[in-house]
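S.K.: Following this message is one structure expressed as structure tokens.
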Amino acid sequence: MNLFYYAAPQTFYPLAGRMARVFYALAAALGAAGLYIGFFVAPTDAQQGEGYRIIFIHVPTAWMSMFLYVVMAFWAAVGLSFNTRLSAMMAQAIAPTGAWMTFLALWTGALWGKPMWGTWWVWDARLTSELILLFLYLGFMALQAAIDDPRRADRAGAMLAIVGVVNVPIIYFSVQWWNTLHQGASVSLTRSPSMATTMLWGMLVMALAFWMYCLGATLTRVRAIILERERRSDWARDLARGAKAGKEASA
Amino acid sequence: MAPGVVWVAALLASMLALGRLFAGDYADGTLEQIVLAPHPLGLLVGAKVAAHWLVTGLPLVVLAPLLGLAFDLGPRALGVLALTLLLGTPTLGLVGAIGAALTLGLRGAGALLSLLVLPLYIPVLIFGAGAVEAVAAGLGAGAHLSVLGALLALALFFAPWAAAAALRISLE
Amino acid sequence: MKWQSLEHFLAMGGYALYVWGSYAVTVAVVALELALLRARTKAARRAAAAAPVPGDDA
């Protein structure tokens, strides 16, 4: 198999479709397994009762939100330095899913914080950096949406993603230092290491499920982006008309 | 509270003026000449940011002690406030230049620029305000000032080149 | 079996609002994203199918 063969949008399009289906199936299976472990195997937490079960989506979405940003910046950098169209499209396709994951991490965090700390939100290190991450995603998407020329949009977005990824460790450590310098250890999100192994397993399986889902959603979106950009090419038109004709024939 | 207010003011002042960093030169075609000039573009961008800072940043550094007096800050805190602004506002301008270059000539560039630049400004804001609060609380501001200096050094080193690359992307 | 009854399961030890609130929003977000993706793909397909063929005279 030649990897470069699939670097062309036209050849990647059908491959992405097949891969997305596999990833969705894996996400559903892993999600079901993870939820089963999370709700029926994992024991009640000694301190947080049943409330801790938010962990099975909170931690995976938080991981994905950070991981996806790095992956997005990676594809953006590849696209910028090697001028490969597909890499830029991948970066563009990752951003909305990353933003959704960040939103979910913040939302579930608020719902977890309310019963445990008594407040929806604190300006704590992790919470603040997660909020900043959401704005980094939104900025990337807004910048690309504001530029009509796709080539400039790709390159400007890539530049921003790279500047953002340089900033991610700075933001992370700065808010952490800021917090430890001033407030002391008021609220710490670090969980006790004595977490029950079944809890840990539930969390890891759910993290894998979210990972698979993000891969599937990203590949589906990259297919749409390829079609949008190549809509004036012969292959895209033939493919779209072929699909239509097939649908009419089967109807 | 007071250092936070002054720092947010500094942040907004820097952000509001950012749009004009390249816009005038872009409108009358000077910017294309600058890009074509035989000198390294990063250096020229650095010079533009420096000039921009002299107009938007330096007055704030000078005025900050007066503003601080209005908030009843002690003499030591006033000095540290001015020092943090001296170290921090150039970083804001340098990072902002990247955003200004990326949004050049776009519809709704002002709002977009704020969205792009705001998350990148947060660390500077945290340490700028933090230093003054630390002094007011009787602690040393050394750690905060070191971090501000490190951020400035990083921005001085990388931001002009990133902004130059962004300008090339926007002018292509 | 961990849970004594369906009511116990739904009550989540008193944390029902927070636990089910988290899961409901997650499900809603995933469903919304998939629906948006489906709509976007359909629109892209329609646009590509409507593009003129060089050989065709329109």
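Going by the structure tokens order, chains are called A, B, ..., each with residues numbered from 1, while ligands are numbered from 1 in the order shown.
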Name all residues at most 8 Å from segment 81-94 of chain B (count only C-alpha atoms; drop same-chain ones fewer than 3 positions away) and give them as a PyMOL selection string.
M.R.: chain B and resi 3+7+10-11+14+18+46+49-50+52-53+57-58+60-62+64-65+68+77-78+97-98+121+124+128-129+131-132+145+148-149+151-152+155-156+159-160
S.K.: Atoms to include: C-alpha atoms. Write the selected residues as a PDB file, in the first residue's frame.
M.R.:
ATOM      1  CA  PRO B   3      -3.779  45.820  39.429  1.00  0.00           C
ATOM      2  CA  TRP B   7      -4.052  45.365  33.514  1.00  0.00           C
ATOM      3  CA  ALA B  10      -3.796  47.822  29.292  1.00  0.00           C
ATOM      4  CA  LEU B  11      -5.009  44.706  27.526  1.00  0.00           C
ATOM      5  CA  SER B  14      -3.428  47.222  23.238  1.00  0.00           C
ATOM      6  CA  LEU B  18      -3.959  46.454  17.125  1.00  0.00           C
ATOM      7  CA  GLY B  46       9.645  44.214  14.906  1.00  0.00           C
ATOM      8  CA  VAL B  49       5.634  46.807  16.700  1.00  0.00           C
ATOM      9  CA  ALA B  50       8.188  48.908  18.587  1.00  0.00           C
ATOM     10  CA  HIS B  52       3.261  50.921  17.901  1.00  0.00           C
ATOM     11  CA  TRP B  53       4.274  50.230  21.484  1.00  0.00           C
ATOM     12  CA  GLY B  57       2.107  50.919  25.521  1.00  0.00           C
ATOM     13  CA  LEU B  58       4.589  53.434  26.860  1.00  0.00           C
ATOM     14  CA  LEU B  60       0.262  53.465  29.923  1.00  0.00           C
ATOM     15  CA  VAL B  61       3.506  52.520  31.662  1.00  0.00           C
ATOM     16  CA  VAL B  62       4.045  56.180  32.507  1.00  0.00           C
ATOM     17  CA  ALA B  64       0.024  53.532  35.525  1.00  0.00           C
ATOM     18  CA  PRO B  65       1.415  54.895  38.816  1.00  0.00           C
ATOM     19  CA  GLY B  68      -2.583  53.094  40.821  1.00  0.00           C
ATOM     20  CA  ALA B  77       3.244  48.245  44.489  1.00  0.00           C
ATOM     21  CA  LEU B  78       3.130  51.278  42.195  1.00  0.00           C
ATOM     22  CA  ALA B  97       0.967  41.611  15.634  1.00  0.00           C
ATOM     23  CA  ILE B  98       0.535  37.964  14.593  1.00  0.00           C
ATOM     24  CA  TYR B 121      -3.001  37.410  26.220  1.00  0.00           C
ATOM     25  CA  VAL B 124       0.573  38.007  30.492  1.00  0.00           C
ATOM     26  CA  GLY B 128       1.125  41.131  35.402  1.00  0.00           C
ATOM     27  CA  ALA B 129      -1.726  41.428  37.855  1.00  0.00           C
ATOM     28  CA  ALA B 131       3.038  40.450  40.581  1.00  0.00           C
ATOM     29  CA  VAL B 132       1.333  43.534  42.005  1.00  0.00           C
ATOM     30  CA  LEU B 145       8.572  39.292  36.974  1.00  0.00           C
ATOM     31  CA  LEU B 148       6.933  38.060  32.422  1.00  0.00           C
ATOM     32  CA  GLY B 149      10.519  38.568  31.280  1.00  0.00           C
ATOM     33  CA  LEU B 151       7.428  35.581  27.985  1.00  0.00           C
ATOM     34  CA  LEU B 152       8.799  38.821  26.574  1.00  0.00           C
ATOM     35  CA  ALA B 155       7.777  36.766  22.074  1.00  0.00           C
ATOM     36  CA  LEU B 156      10.694  39.007  20.989  1.00  0.00           C
ATOM     37  CA  ALA B 159       6.656  36.704  17.223  1.00  0.00           C
ATOM     38  CA  PRO B 160       8.209  39.023  14.579  1.00  0.00           C
TER      39      PRO B 160
END
S.K.: Using only C-alpha atoms, find which residues of chain A lie within 12 Å of chain B and jot them down as a PyMOL selection string.
M.R.: chain A and resi 80-81+123+125+128-183
S.K.: Go ahead and write the residues just picked, C-alpha atoms, as a compact mmCIF listing (two decimals), in the first residue's frame.
M.R.:
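To be explicit, this is the file written out as again.txt:
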# COMPACT_ATOMS: atom_id res chain seq x y z
CA LEU A 80 1.97 24.57 5.82
CA SER A 81 5.40 23.08 5.29
CA TRP A 123 -11.07 30.24 38.29
CA ALA A 125 -5.87 26.41 36.82
CA THR A 128 -9.25 28.36 33.14
CA SER A 129 -6.89 26.66 30.71
CA GLU A 130 -9.73 24.51 29.37
CA LEU A 131 -11.81 27.65 28.76
CA ILE A 132 -8.88 29.25 26.96
CA LEU A 133 -8.61 26.10 24.85
CA LEU A 134 -12.24 26.50 23.80
CA PHE A 135 -11.48 30.05 22.67
CA LEU A 136 -8.44 28.85 20.74
CA TYR A 137 -10.65 26.39 18.85
CA LEU A 138 -13.32 29.03 18.23
CA GLY A 139 -10.69 31.50 17.02
CA PHE A 140 -9.29 28.96 14.57
CA MET A 141 -12.75 28.19 13.20
CA ALA A 142 -13.76 31.86 13.02
CA LEU A 143 -10.56 32.81 11.20
CA GLN A 144 -11.02 30.09 8.60
CA ALA A 145 -14.67 30.99 8.16
CA ALA A 146 -13.83 34.67 7.63
CA ILE A 147 -11.41 34.03 4.75
CA ASP A 148 -12.97 33.27 1.37
CA ASP A 149 -9.87 32.09 -0.45
CA PRO A 150 -9.37 28.48 0.74
CA ARG A 151 -5.62 28.60 0.25
CA ARG A 152 -5.23 31.66 2.44
CA ALA A 153 -7.71 30.21 4.93
CA ASP A 154 -5.65 27.02 5.21
CA ARG A 155 -2.37 28.83 5.66
CA ALA A 156 -3.65 31.49 8.05
CA GLY A 157 -5.42 28.86 10.12
CA ALA A 158 -2.26 26.75 10.20
CA MET A 159 -0.22 29.71 11.43
CA LEU A 160 -2.73 30.37 14.19
CA ALA A 161 -2.89 26.70 15.21
CA ILE A 162 0.91 26.58 15.51
CA VAL A 163 1.06 29.78 17.57
CA GLY A 164 -1.74 28.34 19.71
CA VAL A 165 0.00 25.04 20.29
CA VAL A 166 3.18 26.84 21.39
CA ASN A 167 0.95 28.65 23.82
CA VAL A 168 -0.80 25.59 25.21
CA PRO A 169 2.03 24.61 27.59
CA ILE A 170 2.58 28.28 28.49
CA ILE A 171 -1.10 28.72 29.28
CA TYR A 172 -1.25 25.46 31.16
CA PHE A 173 1.76 26.16 33.34
CA SER A 174 1.04 29.85 33.78
CA VAL A 175 -2.41 29.26 35.17
CA GLN A 176 -1.04 26.48 37.33
CA TRP A 177 1.75 28.64 38.73
CA TRP A 178 -0.63 31.52 39.16
CA ASN A 179 -2.89 29.31 41.20
CA THR A 180 -0.23 27.71 43.35
CA LEU A 181 1.49 31.04 43.90
CA HIS A 182 -1.64 32.59 45.34
CA GLN A 183 -4.51 30.48 46.42
S.K.: Please report as a ChimeraX atom specification which residues of chain A come no farther than 6 Å from chain C, using only C-alpha atoms.
M.R.: /A:50-51,54,108,111,224,227-228,231-232,237,240-241
S.K.: Please run DSSP on the backbone and report, as JSON, numbers by chain, all residues within chain C that come out as helix (DSSP H, G or I).
M.R.: {"C": [6, 7, 8, 9, 10, 11, 12, 13, 14, 16, 17, 18, 19, 20, 21, 22, 23, 24, 25, 26, 27, 28, 29, 30, 31, 32, 33, 34, 35, 36, 37, 38, 39, 40, 41, 42, 43, 44, 45, 46, 47, 48, 49, 50]}
S.K.: Rounded to one decimal in Å, what is the spacing between atom CA of Asn83 of chain A and atom CA of Tyr5 of chain A?
M.R.: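 About the pair atom CA of Asn83 of chain A and atom CA of Tyr5 of chain A: they are 15.8 Å apart.
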S.K.: Mind pulling up the distance from atom CA of Phe103 of chain A to atom CA of Gly79 of chain A?
M.R.: 26.7 Å
